[in-house]
Each structure stands twice: as C-alpha cells, then as structure tokens.
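What's in my_file-v4.txt: compact mmCIF, C-alpha atoms
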# COMPACT_ATOMS: atom_id res chain seq x y z
CA MET A 1188 12.01 -92.91 -74.31
CA SER A 1189 14.28 -94.79 -76.72
CA THR A 1190 17.01 -97.10 -75.48
CA ILE A 1191 20.53 -97.20 -76.85
CA LYS A 1192 21.37 -100.75 -77.93
CA SER A 1193 24.55 -102.22 -79.29
CA MET A 1194 24.36 -104.06 -82.62
CA THR A 1195 26.67 -106.74 -81.23
CA GLY A 1196 25.46 -109.24 -78.67
CA TYR A 1197 25.09 -112.87 -77.64
CA ALA A 1198 22.61 -114.91 -75.63
CA SER A 1199 21.62 -118.55 -75.24
CA THR A 1200 18.85 -120.48 -73.53
CA SER A 1201 17.22 -123.92 -73.51
CA ILE A 1202 13.66 -125.18 -73.28
CA GLU A 1203 11.95 -128.57 -73.20
CA SER A 1204 9.74 -129.44 -76.16
CA ALA A 1205 7.59 -132.35 -77.27
CA ALA A 1206 10.53 -133.65 -79.31
CA GLY A 1207 13.27 -133.00 -76.78
CA LEU A 1208 15.50 -130.28 -75.36
CA LEU A 1209 15.96 -127.22 -77.57
CA GLU A 1210 19.15 -125.21 -77.21
CA ILE A 1211 18.85 -121.75 -78.76
CA SER A 1212 21.64 -119.21 -79.21
CA ILE A 1213 21.63 -115.76 -80.82
CA LYS A 1214 24.73 -113.91 -82.00
CA ALA A 1215 24.86 -110.55 -83.79
CA VAL A 1216 27.50 -108.34 -85.38
CA ASN A 1217 27.36 -104.93 -87.04
CA GLY A 1218 25.37 -104.44 -90.22
CA ARG A 1219 23.69 -101.59 -92.08
CA PHE A 1220 20.38 -103.41 -92.24
CA CYS A 1221 18.62 -106.19 -90.33
CA ASP A 1222 19.78 -109.52 -91.73
CA VAL A 1223 18.60 -112.67 -89.91
CA SER A 1224 19.93 -116.16 -90.69
CA MET A 1225 18.62 -119.37 -89.12
CA THR A 1226 20.55 -122.64 -88.64
CA SER A 1227 19.24 -125.84 -87.04
CA ASN A 1228 19.74 -129.62 -87.00
CA PHE A 1229 16.10 -130.23 -87.96
CA ASP A 1230 13.64 -128.88 -90.50
CA LEU A 1231 12.19 -125.63 -89.20
CA GLY A 1232 9.41 -125.73 -91.76
CA ALA A 1233 6.87 -122.92 -91.61
CA SER A 1234 8.22 -121.89 -88.19
CA GLU A 1235 11.29 -120.35 -89.80
CA LEU A 1236 9.33 -117.34 -91.08
CA ASN A 1237 7.74 -116.87 -87.65
CA CYS A 1238 11.17 -117.06 -86.00
CA VAL A 1239 12.66 -114.47 -88.36
CA LYS A 1240 9.67 -112.17 -87.82
CA LEU A 1241 10.05 -112.49 -84.04
CA VAL A 1242 13.73 -111.53 -84.20
CA LYS A 1243 13.04 -108.52 -86.45
CA GLU A 1244 10.47 -107.20 -83.99
CA SER A 1245 13.35 -106.62 -81.59
CA VAL A 1246 16.33 -106.07 -83.89
CA LYS A 1247 16.34 -103.09 -86.27
CA ARG A 1248 19.91 -103.24 -87.56
CA GLY A 1249 22.69 -105.82 -87.57
CA SER A 1250 23.59 -109.24 -88.91
CA VAL A 1251 21.94 -111.82 -86.62
CA ASN A 1252 22.49 -115.58 -86.57
CA VAL A 1253 20.06 -117.80 -84.66
CA ASN A 1254 21.21 -121.37 -84.03
CA ILE A 1255 18.64 -123.91 -82.81
CA LYS A 1256 19.69 -127.41 -81.79
CA LEU A 1257 17.57 -130.35 -80.70
CA VAL A 1258 19.90 -132.31 -78.39
CA HIS A 1259 17.81 -135.11 -76.85
CA ASN A 1260 14.30 -136.48 -76.39
CA LYS A 1261 12.82 -136.15 -72.93
CA ASN A 1262 10.95 -139.51 -73.09
CA SER A 1263 12.94 -141.64 -75.51
CA SER A 1264 16.09 -141.57 -77.57
CA PHE A 1265 13.98 -142.30 -80.65
CA THR A 1266 10.98 -140.68 -82.32
CA LEU A 1267 8.51 -142.94 -84.15
CA ASN A 1268 7.06 -141.54 -87.36
CA LYS A 1269 3.65 -143.18 -87.22
CA GLN A 1270 2.52 -141.83 -90.56
CA ASN A 1271 5.49 -143.38 -92.38
CA LEU A 1272 4.98 -146.64 -90.46
CA HIS A 1273 1.29 -146.86 -91.43
CA GLU A 1274 2.10 -146.17 -95.05
CA LEU A 1275 4.79 -148.87 -95.02
CA ILE A 1276 2.42 -151.44 -93.47
CA ASP A 1277 -0.21 -150.65 -96.09
CA ALA A 1278 2.37 -151.11 -98.82
CA LEU A 1279 3.45 -154.47 -97.37
CA GLN A 1280 -0.15 -155.62 -97.26
CA GLN A 1281 -0.56 -154.69 -100.90
CA ILE A 1282 2.57 -156.65 -101.73
CA ALA A 1283 1.20 -159.70 -99.89
CA THR A 1284 -2.08 -159.46 -101.77
CA GLU A 1285 -0.31 -159.26 -105.10
CA VAL A 1286 1.90 -162.26 -104.23
CA LYS A 1287 -1.11 -164.41 -103.25
CA ALA A 1288 -2.73 -163.55 -106.57
CA HIS A 1289 0.24 -165.09 -108.37
CA GLN A 1290 0.75 -168.50 -106.75
CA ALA A 1291 3.36 -169.32 -109.33
CA CYS A 1292 5.77 -167.39 -107.16
CA THR A 1293 5.97 -170.24 -104.64
CA SER A 1294 9.31 -169.14 -103.33
CA ILE A 1295 7.87 -165.99 -101.83
CA THR A 1296 6.64 -166.25 -98.24
CA THR A 1297 3.10 -164.92 -97.80
CA SER A 1298 2.53 -165.81 -94.19
CA GLY A 1299 2.64 -162.14 -93.17
CA ASN A 1300 5.35 -162.69 -90.54
CA LEU A 1301 7.32 -159.45 -90.00
CA ASP A 1302 10.78 -158.86 -88.55
CA LEU A 1303 10.24 -155.81 -86.30
CA LEU A 1304 13.94 -154.93 -86.17
CA THR A 1305 14.09 -154.90 -89.95
CA LEU A 1306 10.96 -152.73 -90.06
CA ALA A 1307 12.34 -150.33 -87.47
CA THR A 1308 15.50 -149.78 -89.51
CA MET A 1309 13.58 -148.87 -92.62
CA PRO A 1310 14.23 -145.22 -93.68
CA GLY A 1311 11.83 -142.72 -92.15
CA ILE A 1312 10.39 -145.01 -89.46
CA LEU A 1313 12.58 -144.10 -86.45
CA SER A 1314 14.68 -140.98 -85.97
CA SER A 1315 17.25 -140.65 -83.21
CA ALA A 1316 17.26 -137.52 -81.09
CA HIS A 1317 21.02 -137.97 -80.73
CA GLN A 1318 21.76 -137.46 -84.40
CA SER A 1319 24.53 -134.99 -85.05
CA GLY A 1320 26.67 -133.61 -87.83
CA SER A 1321 24.90 -133.00 -91.12
CA GLU A 1322 22.02 -135.40 -90.32
CA SER A 1323 18.67 -133.71 -89.89
CA ILE A 1324 16.38 -134.80 -87.07
CA GLU A 1325 12.80 -135.48 -88.10
CA ILE A 1326 9.94 -134.08 -86.06
CA ALA A 1327 6.81 -136.28 -85.97
CA GLN A 1328 3.76 -134.54 -87.43
CA GLU A 1329 1.54 -135.36 -84.44
CA ILE A 1330 3.77 -133.34 -82.10
CA ARG A 1331 4.72 -130.60 -84.56
CA ALA A 1332 2.22 -127.99 -83.30
CA ASP A 1333 3.27 -128.37 -79.64
CA PHE A 1334 6.91 -128.44 -80.71
CA ASP A 1335 6.57 -125.20 -82.72
CA ASN A 1336 4.92 -123.48 -79.74
CA SER A 1337 7.87 -124.47 -77.55
CA LEU A 1338 10.26 -123.25 -80.24
CA ILE A 1339 8.68 -119.78 -80.34
CA ALA A 1340 8.57 -119.63 -76.53
CA GLY A 1341 12.25 -120.58 -76.31
CA LEU A 1342 13.24 -118.08 -78.99
CA SER A 1343 11.31 -115.32 -77.21
CA LYS A 1344 13.23 -116.13 -74.03
CA ALA A 1345 16.53 -116.02 -75.90
CA ILE A 1346 15.65 -112.70 -77.55
CA GLU A 1347 14.84 -111.19 -74.16
CA ALA A 1348 18.28 -112.18 -72.82
CA PHE A 1349 19.86 -111.03 -76.09
CA ASP A 1350 18.24 -107.60 -75.76
CA GLN A 1351 19.41 -107.28 -72.16
CA HIS A 1352 22.97 -107.93 -73.30
CA ARG A 1353 22.68 -105.38 -76.11
CA MET A 1354 21.18 -102.75 -73.79
CA SER A 1355 23.96 -103.30 -71.27
CA GLU A 1356 26.56 -102.84 -73.99
CA GLY A 1357 24.58 -99.85 -75.28
CA GLU A 1358 24.81 -98.17 -71.87
CA ARG A 1359 28.58 -98.61 -71.93
CA LEU A 1360 28.76 -97.04 -75.40
CA LYS A 1361 26.53 -94.20 -74.23
CA GLU A 1362 28.87 -93.41 -71.32
CA ILE A 1363 31.85 -93.32 -73.69
CA LEU A 1364 30.03 -90.96 -76.06
CA LEU A 1365 28.94 -88.64 -73.23
CA GLU A 1366 32.57 -88.38 -72.16
CA LYS A 1367 33.59 -87.57 -75.73
CA ILE A 1368 30.86 -84.93 -76.02
CA THR A 1369 32.27 -83.26 -72.91
CA LEU A 1370 35.73 -83.24 -74.51
CA VAL A 1371 34.35 -81.69 -77.70
CA SER A 1372 32.53 -79.05 -75.66
CA GLU A 1373 35.77 -78.17 -73.86
CA ARG A 1374 37.52 -77.69 -77.21
CA LEU A 1375 34.67 -75.47 -78.38
CA ASP A 1376 35.23 -73.32 -75.29
CA VAL A 1377 38.72 -72.65 -76.64
CA VAL A 1378 37.24 -71.72 -80.01
CA LYS A 1379 34.72 -69.43 -78.29
CA ASN A 1380 37.50 -67.59 -76.47
CA ASN A 1381 39.08 -66.77 -79.83
CA LEU A 1382 35.92 -65.59 -81.58
CA ASP A 1383 35.67 -62.07 -80.16
CA HIS A 1384 39.09 -60.96 -81.34
CA LEU A 1385 39.68 -63.44 -84.17
CA VAL A 1386 38.57 -61.12 -87.00
CA ASP A 1387 40.59 -58.19 -85.63
CA GLN A 1388 43.66 -60.42 -85.31
CA GLU A 1389 43.28 -61.61 -88.88
CA ARG A 1390 42.83 -58.05 -90.13
CA GLN A 1391 45.99 -56.91 -88.36
CA ARG A 1392 47.93 -59.93 -89.61
CA ILE A 1393 47.04 -59.15 -93.22
CA LYS A 1394 47.90 -55.44 -92.83
CA ASP A 1395 51.27 -56.30 -91.32
CA LYS A 1396 51.99 -58.66 -94.18
CA ILE A 1397 51.16 -56.02 -96.80
CA GLU A 1398 53.27 -53.41 -95.04
CA LYS A 1399 56.25 -55.75 -95.15
CA LEU A 1400 55.86 -55.93 -98.92
CA ASP A 1401 56.40 -52.15 -98.98
CA ILE A 1402 53.89 -51.47 -101.73
CA GLU A 1403 51.37 -48.67 -102.21
CA LEU A 1404 47.68 -49.72 -102.35
CA ASP A 1405 44.48 -47.73 -102.48
CA PRO A 1406 43.42 -47.41 -98.80
CA GLU A 1407 39.76 -48.13 -99.51
CA ARG A 1408 40.51 -51.15 -101.67
CA LEU A 1409 43.02 -52.34 -99.11
CA GLU A 1410 40.44 -52.16 -96.33
CA ASN A 1411 37.89 -54.05 -98.43
CA GLU A 1412 40.34 -56.84 -99.18
CA VAL A 1413 41.44 -57.03 -95.56
CA ALA A 1414 37.84 -57.17 -94.38
CA LEU A 1415 37.04 -59.92 -96.90
CA GLN A 1416 39.98 -62.08 -95.90
CA ALA A 1417 39.34 -61.50 -92.21
CA GLN A 1418 35.69 -62.48 -92.63
CA ARG A 1419 36.74 -65.74 -94.29
CA ALA A 1420 38.66 -66.59 -91.13
CA ASP A 1421 35.56 -66.11 -88.98
CA ILE A 1422 34.42 -69.48 -87.51
CA ALA A 1423 31.55 -68.25 -85.36
CA GLU A 1424 28.95 -70.04 -87.50
CA GLU A 1425 30.87 -73.31 -87.39
CA HIS A 1426 31.21 -72.99 -83.62
CA ASP A 1427 27.47 -72.38 -83.21
CA ARG A 1428 26.53 -75.30 -85.45
CA LEU A 1429 28.82 -77.66 -83.57
CA ARG A 1430 27.21 -76.60 -80.30
CA SER A 1431 23.80 -77.30 -81.83
CA HIS A 1432 24.90 -80.71 -83.09
CA LEU A 1433 26.15 -81.63 -79.63
CA GLN A 1434 22.73 -80.85 -78.21
CA SER A 1435 21.13 -83.07 -80.85
CA LEU A 1436 23.51 -85.88 -79.93
CA LEU A 1437 22.55 -85.56 -76.27
CA GLN A 1438 18.85 -85.65 -77.13
CA ILE A 1439 19.31 -88.87 -79.11
CA LEU A 1440 21.45 -90.53 -76.43
CA ASN A 1441 19.04 -89.58 -73.66
CA GLY A 1442 15.97 -90.52 -75.66
CA ASP A 1443 14.00 -87.99 -77.68
CA GLY A 1444 10.28 -88.76 -77.83
CA ASN A 1445 9.84 -86.47 -80.83
CA GLN A 1446 11.87 -88.76 -83.05
CA GLU A 1447 10.12 -91.36 -85.16
CA ALA A 1448 10.08 -94.73 -83.40
CA TYR A 1449 11.07 -96.59 -86.56
CA THR A 1450 14.31 -94.60 -86.98
CA PRO A 1451 17.11 -96.45 -85.15
CA ALA A 1452 19.21 -94.25 -82.88
CA GLY A 1453 22.39 -95.45 -84.58
CA LYS A 1454 21.32 -94.04 -87.95
CA ARG A 1455 20.47 -90.65 -86.44
CA LEU A 1456 23.75 -90.57 -84.53
CA ASP A 1457 25.68 -91.50 -87.66
CA PHE A 1458 24.05 -88.62 -89.56
CA MET A 1459 24.96 -86.17 -86.79
CA MET A 1460 28.57 -87.39 -86.88
CA GLN A 1461 28.77 -86.50 -90.57
CA GLU A 1462 27.74 -82.96 -89.65
CA LEU A 1463 30.33 -82.79 -86.86
CA VAL A 1464 33.06 -83.98 -89.22
CA ARG A 1465 32.07 -81.34 -91.78
CA GLU A 1466 32.14 -78.45 -89.30
CA SER A 1467 35.41 -79.54 -87.67
CA ASN A 1468 37.07 -79.77 -91.09
CA THR A 1469 35.93 -76.23 -91.87
CA ILE A 1470 37.34 -74.93 -88.59
CA ALA A 1471 40.64 -76.67 -89.35
CA SER A 1472 40.80 -75.06 -92.81
CA LYS A 1473 40.03 -71.58 -91.40
CA ALA A 1474 42.28 -71.76 -88.34
CA SER A 1475 44.50 -68.68 -88.35
CA ASN A 1476 46.59 -69.19 -85.23
CA LEU A 1477 48.43 -72.02 -83.53
CA GLU A 1478 45.92 -72.45 -80.71
CA LEU A 1479 43.00 -72.83 -83.12
CA THR A 1480 44.98 -75.21 -85.33
CA GLN A 1481 45.79 -77.47 -82.39
CA THR A 1482 42.20 -77.29 -81.16
CA ALA A 1483 40.86 -78.20 -84.62
CA VAL A 1484 43.14 -81.25 -84.77
CA GLU A 1485 41.98 -82.36 -81.33
CA LEU A 1486 38.36 -81.90 -82.37
CA LYS A 1487 38.84 -84.09 -85.43
CA VAL A 1488 40.53 -86.84 -83.39
CA ILE A 1489 37.77 -86.89 -80.75
CA ILE A 1490 34.99 -86.82 -83.35
CA GLU A 1491 36.57 -89.73 -85.23
CA GLN A 1492 36.70 -91.71 -81.97
CA MET A 1493 33.01 -90.97 -81.47
CA ARG A 1494 32.21 -92.05 -85.03
CA GLU A 1495 33.92 -95.40 -84.48
CA GLN A 1496 31.88 -96.08 -81.34
CA ILE A 1497 28.62 -95.08 -83.03
CA GLN A 1498 29.21 -97.72 -85.71
CA ASN A 1499 28.34 -100.28 -82.98
CA ILE A 1500 24.98 -98.72 -82.08
CA GLU A 1501 21.73 -100.06 -83.52
If you convert what's in this file into structure tokens, what do you get?
Amino acid sequence: MSTIKSMTGYASTSIESAAGLLEISIKAVNGRFCDVSMTSNFDLGASELNCVKLVKESVKRGSVNVNIKLVHNKNSSFTLNKQNLHELIDALQQIATEVKAHQACTSITTSGNLDLLTLATMPGILSSAHQSGSESIEIAQEIRADFDNSLIAGLSKAIEAFDQHRMSEGERLKEILLEKITLVSERLDVVKNNLDHLVDQERQRIKDKIEKLDIELDPERLENEVALQAQRADIAEEHDRLRSHLQSLLQILNGDGNQEAYTPAGKRLDFMMQELVRESNTIASKASNLELTQTAVELKVIIEQMREQIQNIE
C-alpha cells in the first residue's frame, strides 16, 4: 500500500563521528523532479554521491537540500594530518642534507633543531574543528573510512525523521482532499437530479423560443433541430466520467497496489485533476439552467482547491 507524502518537509539530527559531532539537516520544497543539493563545511569527497543516492532512495520528487556541519572534535579541538606532517619532515631533512653539502652557506643552521610551534602552524598540519565561515575543515585520511560510515548512519537517521514529517503532512493533505472529494460528490448529486429531465427541459425551451419568433418551420426539421440542440445539453457522460475520476482519486489516496511502485502518487493525482478540470469545464459550458450553472461554478472552485493541495504531494 502506497503512502501519501508531502514534498515539503524538514528534519535534523546529530551523530558523533571520528572527526567530531556531525549536525545534519534536511529541508525540501516542491519540485517536478528529484533534485538533491549537498552543503557542508568540509570536503564530502566520494561520500557525496553515496549521500545523494541515499536521499533519492526515499525522495521521488521535490527540491531537497542536505546541510552537514562538523561542529567540534570529541577528543581534541585540533586534528593532526599525519601524512602532511611526515611529508614536511622528509622535505626538511632533504633541505638539511642539501645545506650540509654546500658548506659555503655558513649562515644557515644545520643542527636540525625544530620549533614545534612553527611547524604546527604550517599549512595543512593542524586543522581546527571549530573552523567556521567559508573555511573548510580537513578530515584526516586515517579516520576517513570510519568518519564516512558515521556520516551515512547520521544521514539515514535524518532521512527517517524527514520521511516521518512528510508522511504526517501527507496525512493532513489526504484528509483535506477526502473532504473536497465529498463536496464534489455532493455537487454531482445535484447534476444527477437534473439528468432525467434535462433533455426534455431543453427541448421545451427551444420550442418555446421558436414559437415566440412566430415563424413557420417544417415540423420534421424542427424536431430534428430541437433534438440535436437538446442532446448537446446532455451532461450524463460528463457526470459519469467525473464519478469515475473520483473513484480513481480515492484509490490513489488510499493506496492502490495495482499501480506501478515507481509512479509517485502526486503525478497520478495531478493527471486525474486535469481530467476533473476538463469535465467540469464541459458541464459549465453545457449548463442550461441556473441550478446547473451555479453547481458547475462550485465544482470548478472545489476542483481548483484540490489541484492546489495536490501540488504539495510527492
């Protein structure tokens, strides 16, 4: 059984990782297709594709933004990039070797003494977990695998909460649409009450109009023209199709197992609304008395309200 979900939603969560606390938030608005954007204060690397794939497994339509923020380190305020440090030490050793090979440079110290504070402030050696703004936090390679696992686990948790929010909003939209369907059905009852005598009324109306013109017409031709015009005013087919469309709407809202799983409910509902709009317009154009005209206007208003709500459904 399919579940009605809203395309709009929000959720946030946090999870500890090898590099620090990850804060993850997901926000979505309406969209024709599934569009996922990722923002973070560190390099997502190869994990970005995995994150987008994970989101798309749950979201079929909508514009989704996932924001991931690394806010602090659980063990230290700084992360040491050992690979960069080792490469820097090797480079310094090479420099010392080259200097010793050229003793003419007597002003250069070759004792090998090293100022640790100076070394620590070299670019790429230490990264602060409290960096903010446009600075990007570096994730040490030796913890990257564990960090990425935590990232996916945290995102999965956020998506679960996000889906719960969207399903809750979807249930609210479903209740609104069920109420609107009831209102449409009540208006169709009015149309139904007019169907049995609608053609006869139209025939009599045309005859009365011709008689007022006080002209002589061939009786057989007159009857054919009256019958043709009266038939054009018949809205039985439109009434029946609207009833059928309402049943289709109910099947979609309540979950129809015969529908393809990959077809979002919102798209099917949107298609059905196009059919409802078409039939209600036809009834409005054929309405031949005041009651039907008023009913057709009410139908169009209710259907438009339904269409607006369906734009929010995935």
For A:Gln1270, which of A:Gln1328, A:Thr1469, A:Leu1370, A:Gly1442 is the closest residue, counting all atoms listed in the file?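 When distances to A:Gln1270 are compared using all atoms listed in the file, the smallest one comes from A:Gln1328.
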List the residues sitting within 12 Å of (4.1, -121.3, -77.4) in the file's frame, using only C-alpha atoms, as a list in words.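 Using only C-alpha atoms, the matching residues come out as Ile1202, Glu1203, Ser1204, Ala1205, Ser1234, Asn1237, Cys1238, Arg1331, Ala1332, Asp1333, Phe1334, Asp1335, Asn1336, Ser1337, Leu1338, Ile1339, Ala1340, Gly1341, Leu1342, Ser1343 and Lys1344 of chain A.
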All residues 6 Å or closer to A:Tyr1197, only C-alpha atoms, same chain fewer than 2 positions away omitted, as a ChimeraX atom specification: /A:1213-1214,1349
Distance criterion (all atoms listed in the file): nearest to A:Lys1247 out of A:Leu1272, A:Val1464, A:Leu1208, A:Met1194: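 Counting all atoms listed in the file, the residue closest to A:Lys1247 is A:Met1194.
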Could you state the separation of atom CA of A:Ser1475 and atom CA of A:Ile1368 in Å, given to one decimal place?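 We find that atom CA of A:Ser1475 and atom CA of A:Ile1368 lie 24.5 Å from each other.
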Show me, as a tab-separated table, the residues of stretch 1322-1407 of chain A having an atom within 8 Å of stretch 1418-1436 of chain A, each with the closest atom pair and its distance in Å, using all atoms listed in the file.
residue	atom	partner	partner_atom	distance
A:Ile1368	CA	A:Leu1433	CA	6.8
A:Ser1372	CA	A:Arg1430	CA	7.5
A:Leu1375	CA	A:His1426	CA	6.8
A:Val1378	CA	A:His1426	CA	7.1
A:Lys1379	CA	A:His1426	CA	7.3
A:Leu1382	CA	A:Ala1423	CA	6.4
A:Leu1385	CA	A:Asp1421	CA	6.9
A:Val1386	CA	A:Asp1421	CA	6.2
A:Glu1389	CA	A:Ala1420	CA	7.2
For A:Met1493, the nearest of the candidates A:Leu1437, A:Ala1452, A:Val1242, A:Ile1363, counting only C-alpha atoms: A:Ile1363
Top pick for closest residue to A:Thr1195, considering A:Ile1211, A:Met1354, A:Leu1279, A:Leu1456 and counting all atoms listed in the file: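 Nearest to A:Thr1195: A:Met1354.
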Using all atoms listed in the file, find the one residue out of A:Leu1241, A:Leu1477, A:Leu1231, A:Val1251 that sits nearest to A:Ala1215.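 Answer, going by the shortest atom-to-atom distance: A:Val1251.
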Which residues, written as a list in words, have at least one atom at most 7 Å from A:Glu1210, with only C-alpha atoms counted and residues fewer than 5 positions away on the same chain left out? Thr1200, Ser1201, Ile1202, Ile1255, Lys1256 and Leu1257 of chain A
Which of these, A:Lys1399, A:Lys1240, A:Lys1361, A:Arg1408, has the shortest distance to A:Ile1500 once you count all atoms listed in the file? A:Lys1361
Taking (24.8, -124.7, -85.4) in the file's coordinates as the center, which residues reach within 9 Å of it, counting all atoms listed in the file, put as a tab-separated table (two decimals) with C-alpha atoms, in the coordinates of the input?
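This went into selection_29.tsv:
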chain	number	residue	atom	x	y	z
A	1212	SER	CA	21.64	-119.21	-79.21
A	1225	MET	CA	18.62	-119.37	-89.12
A	1226	THR	CA	20.55	-122.64	-88.64
A	1227	SER	CA	19.24	-125.84	-87.04
A	1228	ASN	CA	19.74	-129.62	-87.00
A	1253	VAL	CA	20.06	-117.80	-84.66
A	1254	ASN	CA	21.21	-121.37	-84.03
A	1255	ILE	CA	18.64	-123.91	-82.81
A	1256	LYS	CA	19.69	-127.41	-81.79
Computed interatomic separation between atom CA of A:Arg1455 and atom CA of A:Ile1439 (Å):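 Separating atom CA of A:Arg1455 from atom CA of A:Ile1439 is a distance of 7.6 Å.
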Find the residues near A:Val1371: any atom within 8 Å, counting only C-alpha atoms, skip ones fewer than 6 places away on the same chain, and give them as number ranges by chain. A: 1486, 1489-1490
